[in-house]
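S.K.: Could you have a look at this structure, given as structure tokens, before my questions?
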Amino acid sequence: MQVALHPVLQAVTQRIAERSADLRQSYLAHLQQAGRPGPYRAGMGCANAAHAFAAMPSNDKLVLRQERQPNLGIVTAYNDMLSAHQPYEHYPELIRQTARQQGATAQVAAGVPAMCDGITQGEDGMGLSLFSRDVIAMATAVGLSHKVFDAGLLLGICDKIVPGLFMGALQFGQLPMVFVPAGPMTSGLSNDEKSRVRQQYTLGQVDRDTLLQAEQAAYHSAGTCTFYGTANSNQMLMEIMGLQLPGSSFVNPGTALRTALTQAAVQRAIALSQQTGSGMGWQINAQVLANGIVGLLATGGSTNHSLHLVAMARAAGLLVNWDDFSDLSAVVPLLARVYPNGSADVNHFHAAGGMGFVIRQLLDAGLLHEEVHTVMGAGLHHYTQEPWLDGDALRWRDAPHTAADDSVLRGVAQPFSTDGGLRVLRGNLGRAVVKVSAVKPQHRLVCAPAVVVNSQQALMDLYKAGELNKDFIAVVREQGPQANGMPELHKLTPILGVLQDQGFHVALVTDGRMSGASGKVPAAIHLSPESVNGGAIAKVQNGDMLRLDCDSGELSLLLTDEQLQSRNAAAPAADTLWANGQGLFALFRQHASHAEHGASPLFGAAQISTSTELN
């Protein structure tokens, strides 16, 4: 039975399509021009072809010379420093073997950088993190520019890597693309216990060795970190948007099922390469983007995607803004409690019913577009199934209709919350987003004096000096994309959490980012415009009263318009961003768009309208 779409989902999707009409038409015209019948490499000059295939085995060369079978391009983010990406070391050979078994060929087209935010948190390298997304997009495009591929396999998981691969692949959107995950590490130290030890260390109750032991017990092996931050939100998105196989996001590395799913991804890429109109650029449309936003909200996913999804959409000629997130959040229920929005990890989420359960629930409630194209074929109903091994054979069955653990996963009829918990804040400081799914109701309104700093280290120093034992709203400015590359301010989470637990009313306001694991303290993040680009946050002074109301959506500096206009903005700190690679990103910072426009130097603000005009 056809389920009627929720009217808000229908309205948001329609306005995305309408505001994007001209840009989308231009993008699709590019795809039409770039496409060609038959193998993509057909008709290449002989010298060009010889260069492309020189290092391939003789039998592969014979197949390629016939110009009948597809050649797959692999873009890999492998390195063995990132636990999530370490399993990718041997994927290319498995992919090549599987392709040969199907009569096709495969080559590594490109290796793209992959950095770990968990390592660079609070360090200089974090200034490169956000823009690494755009570097990955460009590196992906460089790899695919050789135009010898009929489909692509994208190997990436973590924070900026999946959005970067997505953006780069869409520059060759005439080709079908399949994302190939590697899965999360098995569960280690519980997230609650890890958080407890972190707070004990912040309070000086345990030493560094105890903290390190706890962290190593939590992050202990190959695979994605198991909390529900940006990396695992990426996996959810690629599944609900139909770009990787159903149920494949959270299968652990090194298992027979994981291997079978990788082989099946190769088979799907080959099949899609032989179908007209199966390119990723045709597949990604307003309906698919709306589905992605719904999935993010229903699972309590990372706030980083209020940046990434905007930039990802723009790469497909689609314009998304924060009002789209906010309006959908008001009607999409929260169905999952995964740390930091609960105590469970993604392995528990997967075991309780996982993505198949969530997608079925949302489809049955009219909160997802079913009639979309996926790598499995037409229709999102494919994604209400889960994979299993029947001996050595990969098969599919219906995902559970009932959650196995209702403390982790629930249906639409009895959600954890009736809304998705991601809200837009508005006021005389600009626009920001706040994630409230882990913020208790009694902490959602904070009216307190400002403590103004220009770095997270400065706030940590005040805490260590005992100067923050009071009600306050931390204003951490000069953290936007043009100021310093918009690093995450994850190091502030423990100290603000401790102060809140001690009974103080605290909150954070910043033009920077928090981690995808932002949690129990209200944090108005991604404030736009940023301080170095005319933002009113540059006019806030110590002791000014601020009001942050998560429920009403208000973020205000309690001054009259006349008082605010009469103030001069604080002079920005001297630019010292030259060491540790950050100097190379000066052009990126200069050309980065506002946060609501995706904070991308590739799709700058000059290319799209203001947020008001986007409504």
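Each chain in the structure tokens gets a letter, A, B and so on, in the order shown; residues start at 1 in every chain, and ligands are counted from 1 in the order they appear.
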How close does each residue of stretch 292-408 of chain A get to stretch 181-185 of chain A, giving the shortest atom pair and distance in Å to one decimal for every residue with an atom at most 10 Å away, counting only C-alpha atoms, sorted by chain and residue number, as CSV?

M.R.:
residue,atom,partner,partner_atom,distance
A:Asp345,CA,A:Pro184,CA,9.9
A:Val346,CA,A:Pro184,CA,7.7
A:Asn347,CA,A:Pro184,CA,7.5

S.K.: At a cut-off of 7 Å, using only C-alpha atoms, what residues contact A:Pro487? Leave out same-chain residues fewer than 6 positions from it and give the result as a list of chain:residue names.

M.R.: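 Answer for this query is A:Met126, A:Gly127, A:Ser129, A:Leu130, A:Gln479, A:Gly512, A:Arg513.
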
S.K.: Got a sec: who's within 6 Å of stretch 470-475 of chain A, counting only C-alpha atoms, leaving out chain neighbours fewer than 5 positions off, as a ChimeraX atom specification?

M.R.: /A:448-452,504-510

S.K.: Selected residues, N, CA and C atoms, written as a compact mmCIF listing (two decimals), in the first residue's frame, please.

M.R.:
# COMPACT_ATOMS: atom_id res chain seq x y z
N ALA A 448 22.81 34.06 30.85
CA ALA A 448 23.97 34.25 31.72
C ALA A 448 24.96 35.20 31.08
N PRO A 449 25.89 35.74 31.86
CA PRO A 449 26.90 36.64 31.30
C PRO A 449 27.91 35.89 30.43
N ALA A 450 28.45 36.63 29.47
CA ALA A 450 29.41 36.05 28.53
C ALA A 450 30.80 36.00 29.13
N VAL A 451 31.51 34.91 28.82
CA VAL A 451 32.94 34.82 29.01
C VAL A 451 33.53 34.69 27.62
N VAL A 452 34.23 35.72 27.16
CA VAL A 452 34.66 35.81 25.77
C VAL A 452 36.12 35.43 25.64
N PHE A 504 26.11 24.52 37.80
CA PHE A 504 26.18 25.83 37.13
C PHE A 504 25.40 25.77 35.81
N HIS A 505 24.84 26.91 35.45
CA HIS A 505 24.14 27.04 34.17
C HIS A 505 25.16 27.50 33.14
N VAL A 506 25.52 26.62 32.22
CA VAL A 506 26.57 26.92 31.26
C VAL A 506 26.11 26.56 29.85
N ALA A 507 26.70 27.23 28.89
CA ALA A 507 26.43 26.95 27.48
C ALA A 507 27.61 27.46 26.67
N LEU A 508 27.60 27.13 25.39
CA LEU A 508 28.67 27.53 24.47
C LEU A 508 28.05 28.22 23.26
N VAL A 509 28.65 29.31 22.84
CA VAL A 509 28.30 29.98 21.59
C VAL A 509 29.60 30.15 20.80
N THR A 510 29.62 29.70 19.56
CA THR A 510 30.85 29.77 18.78
C THR A 510 30.56 29.79 17.29

S.K.: Need to verify the contact set: A:Ala137, 7 Å, only C-alpha atoms, exclusion of same-chain residues closer than 6 positions in sequence. Can you return it as an NGL selection string?

M.R.: :A and (164-165 or 167-168)

S.K.: Which residues are near A:Gln502? Cut-off 12 Å, only C-alpha atoms, ignore same chain within fewer than 6 positions. Put them as a list in words.

M.R.: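 What passes the distance filter is Gln199, Leu203, Leu468, Asn469, Lys470, Asp471, Ile495 and Leu496 of chain A.
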
S.K.: Could the residues in this selection be saved with C-alpha atoms as an mmCIF file, in the first residue's frame?

M.R.:
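Generated output (again-v7.cif):
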data_model
loop_
_atom_site.group_PDB
_atom_site.id
_atom_site.type_symbol
_atom_site.label_atom_id
_atom_site.label_comp_id
_atom_site.auth_asym_id
_atom_site.auth_seq_id
_atom_site.Cartn_x
_atom_site.Cartn_y
_atom_site.Cartn_z
ATOM 1 C CA GLN A 199 35.551 13.863 33.657
ATOM 2 C CA LEU A 203 38.665 17.048 37.984
ATOM 3 C CA LEU A 468 34.669 29.460 35.678
ATOM 4 C CA ASN A 469 32.876 28.297 38.816
ATOM 5 C CA LYS A 470 29.774 30.325 37.985
ATOM 6 C CA ASP A 471 26.896 30.627 35.552
ATOM 7 C CA ILE A 495 35.082 20.984 31.325
ATOM 8 C CA LEU A 496 31.644 22.319 30.426
#

S.K.: Show which residues sit within 7 Å of A:Ala222, as a PyMOL selection string. Count only C-alpha atoms, and ignore same-chain residues fewer than 2 positions away.

M.R.: chain A and resi 83-84+86-87+185

S.K.: Quick one: write out the picked residues with C-alpha atoms as a PDB file, in the first residue's frame?

M.R.:
ATOM      1  CA  SER A  83      41.630   2.481  12.652  1.00  0.00           C
ATOM      2  CA  ALA A  84      38.543   2.795  10.447  1.00  0.00           C
ATOM      3  CA  GLN A  86      43.241   0.239   8.101  1.00  0.00           C
ATOM      4  CA  PRO A  87      41.055  -2.632   6.773  1.00  0.00           C
ATOM      5  CA  MET A 185      35.492  -2.048  15.608  1.00  0.00           C
TER       6      MET A 185
END

S.K.: Please provide the set of residues having any atom within 10 Å of A:Ile293, restricted to only C-alpha atoms, with same-chain residues fewer than 2 positions apart removed, written as a PyMOL selection string.

M.R.: chain A and resi 237+240-241+288-291+295-298+301+305-306+309+320+324-326+328-329+332+368+420

S.K.: Could those residues be written to a file, using C-alpha atoms, as a PDB file, in the first residue's frame?

M.R.:
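After the write, selection_11.pdb holds the following:
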ATOM      1  CA  LEU A 237      23.777   8.599   5.278  1.00  0.00           C
ATOM      2  CA  ILE A 240      19.716   5.783   3.609  1.00  0.00           C
ATOM      3  CA  MET A 241      20.691   7.721   0.469  1.00  0.00           C
ATOM      4  CA  VAL A 288      17.531  11.696  -1.817  1.00  0.00           C
ATOM      5  CA  LEU A 289      18.918  14.754  -0.012  1.00  0.00           C
ATOM      6  CA  ALA A 290      15.718  15.085   2.014  1.00  0.00           C
ATOM      7  CA  ASN A 291      15.971  11.388   2.919  1.00  0.00           C
ATOM      8  CA  GLY A 295      17.958   9.875   8.548  1.00  0.00           C
ATOM      9  CA  LEU A 296      20.342  12.225  10.316  1.00  0.00           C
ATOM     10  CA  LEU A 297      17.545  13.572  12.506  1.00  0.00           C
ATOM     11  CA  ALA A 298      15.892  10.225  13.241  1.00  0.00           C
ATOM     12  CA  GLY A 301      23.479  12.088  13.926  1.00  0.00           C
ATOM     13  CA  HIS A 305      26.380  17.370   8.606  1.00  0.00           C
ATOM     14  CA  SER A 306      24.658  20.725   8.849  1.00  0.00           C
ATOM     15  CA  LEU A 309      25.204  17.860   3.580  1.00  0.00           C
ATOM     16  CA  VAL A 320      19.955  23.027   0.991  1.00  0.00           C
ATOM     17  CA  ASP A 324      15.294  22.571   5.771  1.00  0.00           C
ATOM     18  CA  PHE A 325      16.983  20.794   8.669  1.00  0.00           C
ATOM     19  CA  SER A 326      14.950  22.681  11.260  1.00  0.00           C
ATOM     20  CA  LEU A 328      12.148  18.454   9.167  1.00  0.00           C
ATOM     21  CA  SER A 329      13.495  18.157  12.707  1.00  0.00           C
ATOM     22  CA  VAL A 332      10.944  13.596  12.444  1.00  0.00           C
ATOM     23  CA  LEU A 368      11.038   9.014   3.541  1.00  0.00           C
ATOM     24  CA  GLY A 420      14.863  15.163  15.712  1.00  0.00           C
TER      25      GLY A 420
END

S.K.: Looking at only C-alpha atoms, which of A:Arg567, A:His369, A:His382, A:Arg431 is the one that sits closest to A:His6?

M.R.: A:His369
